[in-house]
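Trainee: Provided herewith: structure39.cif, mmCIF, C-alpha atoms.
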data_upload
loop_
_atom_site.label_atom_id
_atom_site.label_comp_id
_atom_site.auth_asym_id
_atom_site.auth_seq_id
_atom_site.Cartn_x
_atom_site.Cartn_y
_atom_site.Cartn_z
CA MET A 26 13.19 22.26 18.13
CA LYS A 27 14.87 19.73 15.83
CA ILE A 28 12.61 17.14 14.19
CA LEU A 29 13.51 13.94 12.30
CA ILE A 30 11.05 12.79 9.62
CA VAL A 31 11.32 9.09 8.66
CA ASP A 32 9.39 7.75 5.64
CA ASP A 33 10.49 5.66 2.64
CA PHE A 34 8.55 7.91 0.21
CA SER A 35 10.24 11.24 -0.45
CA THR A 36 6.92 12.86 -1.37
CA MET A 37 5.44 11.99 2.04
CA ARG A 38 8.57 13.34 3.78
CA ARG A 39 8.16 16.55 1.82
CA ILE A 40 4.47 16.89 2.70
CA ILE A 41 5.21 16.43 6.41
CA LYS A 42 8.18 18.81 6.19
CA ASN A 43 5.97 21.50 4.60
CA LEU A 44 3.20 21.03 7.16
CA LEU A 45 5.73 21.23 10.01
CA ARG A 46 7.16 24.43 8.52
CA ASP A 47 3.66 25.92 8.46
CA LEU A 48 3.40 25.07 12.17
CA GLY A 49 6.65 26.96 12.76
CA PHE A 50 9.04 24.01 12.91
CA THR A 51 11.71 24.81 10.36
CA ASN A 52 14.58 22.71 11.71
CA THR A 53 13.93 19.27 10.20
CA ALA A 54 16.00 16.38 8.86
CA GLU A 55 14.93 13.32 6.85
CA ALA A 56 15.68 9.59 6.78
CA ASP A 57 14.18 6.88 4.54
CA ASP A 58 14.01 4.03 7.07
CA GLY A 59 14.85 2.99 10.62
CA THR A 60 18.34 1.79 9.73
CA THR A 61 19.41 5.27 8.59
CA ALA A 62 17.30 7.08 11.20
CA LEU A 63 18.68 5.39 14.31
CA PRO A 64 22.33 6.54 13.94
CA MET A 65 21.07 10.06 13.11
CA LEU A 66 19.02 10.08 16.31
CA GLN A 67 21.95 8.75 18.33
CA SER A 68 24.41 11.33 17.04
CA GLY A 69 22.15 14.37 16.46
CA SER A 70 20.26 16.31 19.08
CA PHE A 71 16.71 15.65 17.93
CA ASP A 72 13.74 16.73 20.05
CA PHE A 73 11.00 14.95 18.15
CA LEU A 74 10.57 11.95 15.84
CA VAL A 75 7.89 11.54 13.18
CA THR A 76 7.99 8.07 11.62
CA ASP A 77 6.12 5.87 9.15
CA TRP A 78 5.57 2.18 10.02
CA ASN A 79 5.99 0.19 6.80
CA MET A 80 9.51 0.75 5.44
CA PRO A 81 12.18 -1.49 3.93
CA GLY A 82 15.13 -2.25 6.19
CA MET A 83 14.07 -1.30 9.70
CA THR A 84 10.33 -0.64 10.16
CA GLY A 85 8.93 2.23 12.20
CA ILE A 86 7.75 -0.04 15.02
CA ASP A 87 11.25 -1.53 15.33
CA LEU A 88 12.73 1.99 15.27
CA LEU A 89 10.33 2.97 18.07
CA ARG A 90 11.42 -0.06 20.12
CA ALA A 91 15.10 0.75 19.47
CA VAL A 92 14.52 4.34 20.60
CA ARG A 93 12.77 3.24 23.80
CA ALA A 94 15.59 0.74 24.48
CA ASP A 95 18.29 3.41 24.11
CA ALA A 96 19.12 5.07 27.45
CA ARG A 97 19.69 8.52 25.90
CA LEU A 98 16.73 8.39 23.50
CA LYS A 99 14.05 6.67 25.58
CA HIS A 100 12.23 9.92 26.45
CA LEU A 101 12.17 11.22 22.84
CA PRO A 102 8.57 12.00 21.81
CA VAL A 103 7.55 9.80 18.86
CA LEU A 104 4.61 10.42 16.51
CA MET A 105 3.68 7.62 14.13
CA VAL A 106 2.21 8.73 10.79
CA THR A 107 1.26 5.60 8.89
CA ALA A 108 -1.22 3.79 6.66
CA GLU A 109 -1.18 0.80 9.04
CA ALA A 110 -4.73 0.75 10.37
CA LYS A 111 -5.21 -2.58 12.15
CA ARG A 112 -6.42 -2.29 15.73
CA ASP A 113 -3.76 -4.81 16.79
CA GLN A 114 -1.05 -2.64 15.25
CA ILE A 115 -2.23 0.51 17.02
CA ILE A 116 -2.27 -1.39 20.31
CA GLU A 117 1.20 -2.77 19.51
CA ALA A 118 2.51 0.77 18.89
CA ALA A 119 0.90 2.03 22.11
CA GLN A 120 2.50 -0.79 24.07
CA ALA A 121 5.86 -0.02 22.45
CA GLY A 122 5.58 3.52 23.83
CA VAL A 123 4.38 5.69 20.95
CA ASN A 124 3.25 9.22 21.94
CA GLY A 125 0.78 9.74 19.09
CA TYR A 126 -0.67 7.83 16.13
CA VAL A 127 -1.93 9.43 12.92
CA VAL A 128 -3.42 7.29 10.12
CA LYS A 129 -2.86 8.20 6.48
CA PRO A 130 -4.47 9.87 4.68
CA PHE A 131 -4.42 12.70 7.23
CA THR A 132 -5.17 16.43 7.29
CA ALA A 133 -2.92 19.32 8.33
CA GLN A 134 -5.34 19.95 11.21
CA VAL A 135 -4.96 16.41 12.59
CA LEU A 136 -1.16 16.55 12.41
CA LYS A 137 -1.19 19.92 14.20
CA GLU A 138 -3.53 18.66 16.94
CA LYS A 139 -1.47 15.55 17.65
CA ILE A 140 1.85 17.40 17.75
CA GLU A 141 0.42 20.07 20.09
CA LYS A 142 -1.07 17.39 22.33
CA ILE A 143 2.26 15.58 22.56
CA PHE A 144 4.12 18.78 23.52
CA GLU A 145 1.46 19.67 26.07
CA ARG A 146 1.95 16.33 27.74
CA VAL A 147 5.75 16.39 27.48
CA ASN A 148 5.98 19.92 28.92
CA GLY A 149 3.19 19.51 31.44
CA MET B 16 -13.62 -54.92 -21.06
CA GLU B 17 -14.56 -52.24 -23.58
CA HIS B 18 -12.01 -49.57 -24.44
CA GLN B 19 -13.77 -46.31 -24.00
CA GLU B 20 -12.66 -43.12 -22.27
CA PRO B 21 -13.68 -43.70 -18.69
CA THR B 22 -14.76 -40.78 -16.55
CA SER B 23 -14.42 -40.56 -12.80
CA GLY B 24 -18.06 -41.76 -12.46
CA ASP B 25 -17.21 -44.77 -14.68
CA LEU B 26 -14.29 -45.63 -12.47
CA GLU B 27 -16.46 -45.67 -9.37
CA SER B 28 -19.34 -47.68 -10.92
CA SER B 29 -16.88 -50.12 -12.48
CA LEU B 30 -15.22 -50.52 -9.07
CA LYS B 31 -18.59 -51.31 -7.48
CA THR B 32 -19.73 -53.88 -10.05
CA HIS B 33 -16.32 -55.51 -10.36
CA ALA B 34 -15.96 -55.75 -6.59
CA ARG B 35 -19.09 -57.94 -6.46
CA GLU B 36 -17.79 -60.09 -9.33
CA LEU B 37 -14.45 -60.37 -7.58
CA ILE B 38 -16.06 -61.70 -4.40
CA GLN B 39 -18.10 -64.19 -6.48
CA TYR B 40 -14.99 -65.45 -8.28
CA LEU B 41 -13.11 -65.78 -5.02
CA GLU B 42 -15.99 -67.59 -3.29
CA GLN B 43 -16.31 -69.96 -6.25
CA GLY B 44 -12.54 -70.54 -6.25
CA HIS B 45 -11.92 -69.02 -9.74
CA PHE B 46 -8.60 -67.44 -8.74
CA ASP B 47 -7.42 -66.98 -12.36
CA GLN B 48 -10.48 -64.92 -13.24
CA ALA B 49 -10.17 -62.98 -9.95
CA ALA B 50 -6.57 -62.07 -10.76
CA GLN B 51 -7.63 -61.00 -14.29
CA LEU B 52 -10.33 -58.77 -12.78
CA ILE B 53 -7.89 -57.11 -10.37
CA HIS B 54 -5.59 -56.47 -13.30
CA GLU B 55 -8.42 -54.86 -15.29
CA LEU B 56 -9.41 -52.69 -12.34
CA ALA B 57 -5.84 -51.47 -11.98
CA ALA B 58 -5.76 -50.70 -15.72
CA VAL B 59 -8.93 -48.56 -15.46
CA HIS B 60 -7.44 -46.70 -12.52
CA ASP B 61 -4.14 -46.15 -14.34
CA SER B 62 -5.68 -44.98 -17.59
CA GLU B 63 -7.85 -42.57 -15.62
CA LEU B 64 -4.77 -41.23 -13.84
CA TYR B 65 -2.83 -40.87 -17.10
CA ARG B 66 -5.76 -39.07 -18.64
CA GLU B 67 -5.90 -36.58 -15.76
CA VAL B 68 -2.13 -36.04 -15.81
CA GLY B 69 -2.37 -35.52 -19.58
CA LYS B 70 -5.15 -33.00 -19.14
CA LEU B 71 -3.15 -31.21 -16.44
CA THR B 72 -0.08 -31.09 -18.67
CA ARG B 73 -2.10 -29.64 -21.56
CA GLU B 74 -3.72 -27.12 -19.23
CA LEU B 75 -0.32 -26.17 -17.83
CA HIS B 76 0.98 -25.70 -21.35
CA THR B 77 -1.98 -23.44 -22.24
CA ALA B 78 -1.41 -21.45 -19.09
CA ILE B 79 2.26 -21.00 -19.95
CA VAL B 80 1.33 -19.89 -23.45
CA ASN B 81 -1.18 -17.48 -21.93
CA PHE B 82 1.54 -16.00 -19.76
CA GLN B 83 3.59 -15.68 -22.97
CA ILE B 84 6.66 -17.08 -21.30
CA ASP B 85 8.59 -19.30 -23.69
CA PRO B 86 10.61 -21.66 -21.50
CA LYS B 87 13.05 -22.29 -24.36
CA TYR B 88 14.56 -18.84 -24.07
CA PRO B 89 16.62 -17.78 -21.09
CA GLN B 90 15.20 -14.25 -21.39
CA ALA B 91 11.67 -15.65 -21.06
CA GLN B 92 11.15 -13.74 -17.84
CA GLU B 93 11.88 -10.39 -19.45
CA VAL B 94 9.47 -10.84 -22.33
CA SER B 95 6.64 -12.17 -20.20
CA GLN B 96 3.51 -10.19 -19.57
CA ILE B 97 4.23 -10.34 -15.87
CA ALA B 98 7.54 -8.56 -16.40
CA ASP B 99 5.69 -6.11 -18.62
CA ALA B 100 3.14 -5.55 -15.86
CA THR B 101 5.94 -4.93 -13.36
CA GLU B 102 7.40 -2.34 -15.70
CA ARG B 103 4.00 -0.73 -16.16
CA LEU B 104 3.53 -0.47 -12.41
CA SER B 105 6.99 1.10 -12.04
CA TYR B 106 5.83 3.64 -14.60
CA VAL B 107 2.82 4.40 -12.37
CA VAL B 108 5.12 4.90 -9.37
CA HIS B 109 7.36 7.17 -11.45
CA MET B 110 4.46 9.23 -12.86
CA THR B 111 2.70 9.70 -9.51
CA GLU B 112 5.96 10.66 -7.82
CA ARG B 113 6.75 13.19 -10.55
CA ALA B 114 3.27 14.72 -10.34
CA ALA B 115 3.47 14.95 -6.55
CA ASN B 116 6.86 16.66 -6.72
CA ARG B 117 5.78 19.02 -9.49
CA THR B 118 2.68 20.00 -7.49
CA MET B 119 4.72 20.56 -4.33
CA ASP B 120 7.31 22.63 -6.25
CA LEU B 121 4.53 24.91 -7.46
CA VAL B 122 2.85 25.13 -4.05
CA GLU B 123 6.20 26.02 -2.48
CA GLU B 124 6.63 28.79 -5.08
CA CYS B 125 3.08 30.08 -4.43
CA ALA B 126 3.26 30.14 -0.63
CA PRO B 127 5.76 33.04 -0.22
CA LEU B 128 3.94 35.15 -2.85
CA VAL B 129 0.65 34.78 -1.00
CA ASN B 130 2.30 35.41 2.38
CA ASP B 131 4.03 38.58 1.13
CA LEU B 132 0.85 39.95 -0.44
CA ASN B 133 -1.02 39.22 2.78
CA ASP B 134 1.62 40.92 4.95
CA GLU B 135 1.78 44.03 2.78
CA ALA B 136 -2.02 44.26 2.56
CA LYS B 137 -2.23 44.14 6.36
CA THR B 138 0.39 46.89 6.79
CA LEU B 139 -1.21 49.11 4.15
CA SER B 140 -4.66 48.55 5.58
CA ALA B 141 -3.45 49.75 9.00
CA GLU B 142 -1.84 52.83 7.41
CA TRP B 143 -4.96 53.51 5.35
CA LYS B 144 -7.10 53.44 8.49
CA ARG B 145 -4.77 56.01 10.05
CA PHE B 146 -5.21 58.17 6.95
CA MET B 147 -9.03 57.84 7.17
CA ARG B 148 -8.86 58.94 10.79
CA ARG B 149 -6.84 61.94 9.51
CA GLU B 150 -3.85 60.87 11.56
CA LEU B 151 -1.38 61.07 8.64
CA GLY B 152 0.66 64.12 7.76
CA VAL B 153 1.27 65.15 4.14
CA GLU B 154 4.72 63.60 4.06
CA ASN B 155 3.42 60.29 5.47
CA PHE B 156 0.54 60.31 3.00
CA ARG B 157 2.94 60.74 0.08
CA GLU B 158 4.89 57.78 1.43
CA LEU B 159 1.66 55.75 1.74
CA ALA B 160 0.53 56.65 -1.80
CA LYS B 161 3.87 55.45 -3.13
CA ARG B 162 3.59 52.15 -1.25
CA ILE B 163 0.01 51.61 -2.46
CA ASP B 164 1.13 52.27 -6.01
CA LEU B 165 3.91 49.68 -5.67
CA PHE B 166 1.55 47.23 -3.97
CA LEU B 167 -1.02 47.46 -6.77
CA ALA B 168 1.63 46.83 -9.41
CA ARG B 169 3.00 43.91 -7.40
CA SER B 170 -0.48 42.47 -6.78
CA GLU B 171 -1.15 42.46 -10.49
CA ARG B 172 2.17 40.78 -11.28
CA ASP B 173 2.05 38.21 -8.45
CA THR B 174 -1.59 37.21 -8.88
CA GLN B 175 -0.87 36.58 -12.54
CA LYS B 176 2.01 34.35 -11.50
CA LEU B 177 -0.21 32.55 -8.97
CA SER B 178 -2.88 32.00 -11.57
CA GLY B 179 -0.25 30.47 -13.87
CA HIS B 180 0.96 28.18 -11.08
CA LEU B 181 -2.60 27.10 -10.28
CA ASN B 182 -3.06 26.14 -13.93
CA ASP B 183 0.20 24.16 -13.83
CA ILE B 184 -0.96 22.38 -10.68
CA LEU B 185 -4.13 21.45 -12.53
CA LEU B 186 -2.11 20.13 -15.47
CA ALA B 187 0.17 18.13 -13.17
CA GLN B 188 -2.88 15.95 -12.37
CA ASP B 189 -2.88 14.53 -15.91
CA TYR B 190 -1.00 11.50 -14.56
CA GLN B 191 -4.32 10.13 -13.27
CA ASP B 192 -5.56 9.44 -16.80
CA LEU B 193 -2.33 7.74 -17.90
CA THR B 194 -1.73 5.72 -14.74
CA GLY B 195 -5.42 4.81 -14.57
CA GLN B 196 -5.18 3.20 -18.01
CA VAL B 197 -2.03 1.31 -17.07
CA ILE B 198 -3.50 0.04 -13.79
CA LYS B 199 -6.66 -1.14 -15.58
CA ARG B 200 -4.55 -3.21 -17.99
CA VAL B 201 -2.52 -4.74 -15.19
CA THR B 202 -5.73 -5.53 -13.28
CA GLN B 203 -7.04 -7.35 -16.38
CA LEU B 204 -3.85 -9.39 -16.57
CA VAL B 205 -4.03 -10.29 -12.88
CA THR B 206 -7.64 -11.46 -13.30
CA GLN B 207 -6.67 -13.56 -16.33
CA VAL B 208 -3.69 -15.10 -14.52
CA GLU B 209 -5.91 -15.82 -11.52
CA ASN B 210 -8.48 -17.61 -13.71
CA ASP B 211 -5.75 -19.72 -15.30
CA LEU B 212 -4.33 -20.58 -11.90
CA VAL B 213 -7.75 -21.56 -10.55
CA LYS B 214 -8.15 -23.90 -13.56
CA LEU B 215 -4.76 -25.44 -12.81
CA VAL B 216 -5.69 -25.95 -9.17
CA LEU B 217 -8.91 -27.70 -10.24
CA MET B 218 -6.98 -29.98 -12.61
CA ALA B 219 -4.43 -30.74 -9.93
CA SER B 220 -7.21 -31.65 -7.48
CA GLN B 221 -8.47 -34.23 -10.03
CA VAL B 222 -5.02 -35.83 -10.05
CA ASP B 223 -5.01 -35.74 -6.23
CA ARG B 224 -8.27 -37.70 -6.30
CA PHE B 225 -6.84 -40.51 -8.39
CA THR B 226 -3.52 -40.69 -6.64
CA HIS B 227 -5.36 -40.47 -3.29
CA LEU B 228 -3.22 -37.55 -2.14
CA LYS B 229 -4.68 -35.61 0.77
CA HIS B 230 -3.71 -32.05 1.73
CA ASP B 231 -4.43 -30.60 5.15
CA HIS B 232 -5.93 -27.29 3.99
CA GLU B 233 -6.53 -26.14 7.55
CA GLN B 234 -2.86 -26.58 8.39
CA ILE B 235 -1.72 -24.84 5.20
CA ARG B 236 -4.00 -21.89 6.00
CA GLN B 237 -2.66 -21.68 9.54
CA GLU B 238 0.93 -21.71 8.30
CA GLN B 239 0.14 -18.87 5.88
CA GLN B 240 -1.55 -16.92 8.67
CA GLN B 241 1.55 -17.26 10.84
CA GLN B 242 3.78 -15.93 8.08
CA LYS B 243 1.76 -12.70 8.06
CA ALA B 244 3.44 -10.87 10.94
CA PRO B 245 1.59 -7.58 11.53
CA SER B 246 4.74 -5.82 12.78
CA LYS B 247 6.13 -6.07 9.23
CA GLY B 248 3.39 -3.67 8.13
CA GLU B 249 0.63 -4.33 5.63
CA GLY B 250 0.17 -0.99 3.91
CA PRO B 251 -3.17 0.76 3.38
CA GLN B 252 -6.27 -1.30 4.21
CA ILE B 253 -8.92 -1.61 1.52
CA HIS B 254 -12.60 -1.72 2.66
CA ALA B 255 -11.54 -0.49 6.12
CA ASP B 256 -15.12 0.61 6.83
CA LYS B 257 -16.40 -2.96 6.43
CA ARG B 258 -13.82 -4.60 8.68
CA GLU B 259 -13.95 -5.01 12.43
CA ASP B 260 -10.20 -5.41 12.99
CA VAL B 261 -9.28 -2.20 11.16
CA VAL B 262 -9.87 1.45 12.05
CA SER B 263 -11.49 3.52 9.31
CA ASN B 264 -10.42 7.02 10.34
CA GLN B 265 -8.50 9.16 12.83
CA ASP B 266 -11.48 9.31 15.23
CA ASP B 267 -11.38 5.50 15.53
CA VAL B 268 -7.65 5.69 16.30
CA ASP B 269 -8.23 8.37 18.95
CA ASP B 270 -11.06 6.35 20.53
CA LEU B 271 -8.94 3.21 20.61
CA LEU B 272 -5.97 5.03 22.13
CA SER B 273 -8.10 6.76 24.77
CA SER B 274 -9.62 3.39 25.69
CA LEU B 275 -6.04 2.28 26.34
CA GLY B 276 -5.56 5.22 28.69
CA PHE B 277 -3.85 7.64 26.27
#
Kindly return the structure encoded in the file as structure tokens.
Mentor:
Amino acid sequence: MKILIVDDFSTMRRIIKNLLRDLGFTNTAEADDGTTALPMLQSGSFDFLVTDWNMPGMTGIDLLRAVRADARLKHLPVLMVTAEAKRDQIIEAAQAGVNGYVVKPFTAQVLKEKIEKIFERVNG
Amino acid sequence: MEHQEPTSGDLESSLKTHARELIQYLEQGHFDQAAQLIHELAAVHDSELYREVGKLTRELHTAIVNFQIDPKYPQAQEVSQIADATERLSYVVHMTERAANRTMDLVEECAPLVNDLNDEAKTLSAEWKRFMRRELGVENFRELAKRIDLFLARSERDTQKLSGHLNDILLAQDYQDLTGQVIKRVTQLVTQVENDLVKLVLMASQVDRFTHLKHDHEQIRQEQQQQKAPSKGEGPQIHADKREDVVSNQDDVDDLLSSLGF
């Protein structure tokens, strides 16, 4: 299970990386925005994408749309972990095909639940 | 006409009275006097306008002085309080980032110590239970005693280390005091700048009145609204619990998503 973590703040990437390791996911890579993440996704064999929304360069929502528009990536499970909390934005992300949405600040428990739920649905 | 500083009320009352006089002059055929009156009215209007522009200029000057930007120097930007505030905020970003990394370094050092102690305690506990049930031979017991001895020594050493790390984690939170002070100062500056700007806007609206300029505020507001594209991201929402268009926690997100069929 290879996971890409995309966030412009290195501390947030590190927090997510540590929480994922606690959940048993040790194979992770990091990118600081959509522009750097997309080529990594296209060339690497990632099984899961965790992305922030608000980032310089390409935002998380645009990255999500780019992933869904890419024939080889369109089934990649995507979890959004973001401070963006407007109802319209959550609806926008859902319509763009997000698999889960976690608002910051979040707990380890919430992250675990959402990831498990996504895998349940993907495998089931 | 007397030469006194007219106020906006003066201008209006003088317009009213002079308008009646003007009609009288015109009806009576005194065109010279009518022309003179129109000239005087224009002069009142102009002097009023000049006065407002003058006031605005002075106010603008005060505001510039308050910002401590001297337009004579090309490096004005760098020495301004705004630039100083920007630097102060960068300091906050730097300090919070450093504290977060320091804390995570220490947590990452603690985690394997705790995990190892936990693992060894579990193994020893299982062995100890076997001993209590008299299932251990002499040779095995010697082995167990040796392991317990090592474990006790290691527990002492590692818990001391953990305690030190916990103290360091505590100390790493000292950024809150320093950054709190910086943010308070920047907040004060923003409030001051806002007050000065509001004053300027009020002065400018006076000038608008005399030059009869009209702004379509509704249109300006709509244009600003359009520029705010939500897909750009807005960052954390303040007062989320008091707003209808914003979720205030993960439960709200889950409810919203399930209402969409997630």
Trainee: What do you get, as a PyMOL selection string, if you spell out every residue that the PyMOL selection byres ((chain B) within 9 of (chain A)) selects here?
Mentor: chain B and resi 112+115-116+119+123+245-252+255+259-265+268-269+271-272+275+277
Trainee: Once the PyMOL selection byres ((chain A and resi 66) around 12) is applied to the coordinates I shared, what remains selected? I want it as a ChimeraX atom specification.
Mentor: /A:27-31,54-56,59-65,67-75,88-89,91-93,95,97-99,101-103
Trainee: Hey, which of A:Met26, A:Ala121, A:Glu141, A:Asp32 ends up closest to A:Thr51? Count only C-alpha atoms.
Mentor: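 Smallest separation from A:Thr51 among the options: A:Met26.
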Trainee: One decimal, in Å: what's the spacing between atom CA of B:Gln239 and atom CA of B:His254?
Mentor: 21.6 Å
Trainee: Work out how far atom CA of B:Leu121 is from atom CA of B:Asp192, in Å to one decimal.
Mentor: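 Computed distance, atom CA of B:Asp192 to atom CA of B:Leu121, equals 20.7 Å.
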Trainee: Hey, which of B:Arg35, B:Gln234, B:Tyr40, B:Leu30 ends up closest to B:Ala57? Count only C-alpha atoms.
Mentor: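 For B:Ala57, the nearest of the given residues is B:Leu30.
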Trainee: Kindly give the distance, in Å, that separates atom CA of A:Ile143 and atom CA of A:Met105, rounded to a single decimal.
Mentor: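 Atom-to-atom, atom CA of A:Ile143 to atom CA of A:Met105, that is 11.7 Å.
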Trainee: On this structure, which residues satisfy the PyMOL selection byres ((chain B and resi 201) around 12), written as a VMD selection string?
Mentor: chain B and resid 96 to 107 194 to 200 202 to 208
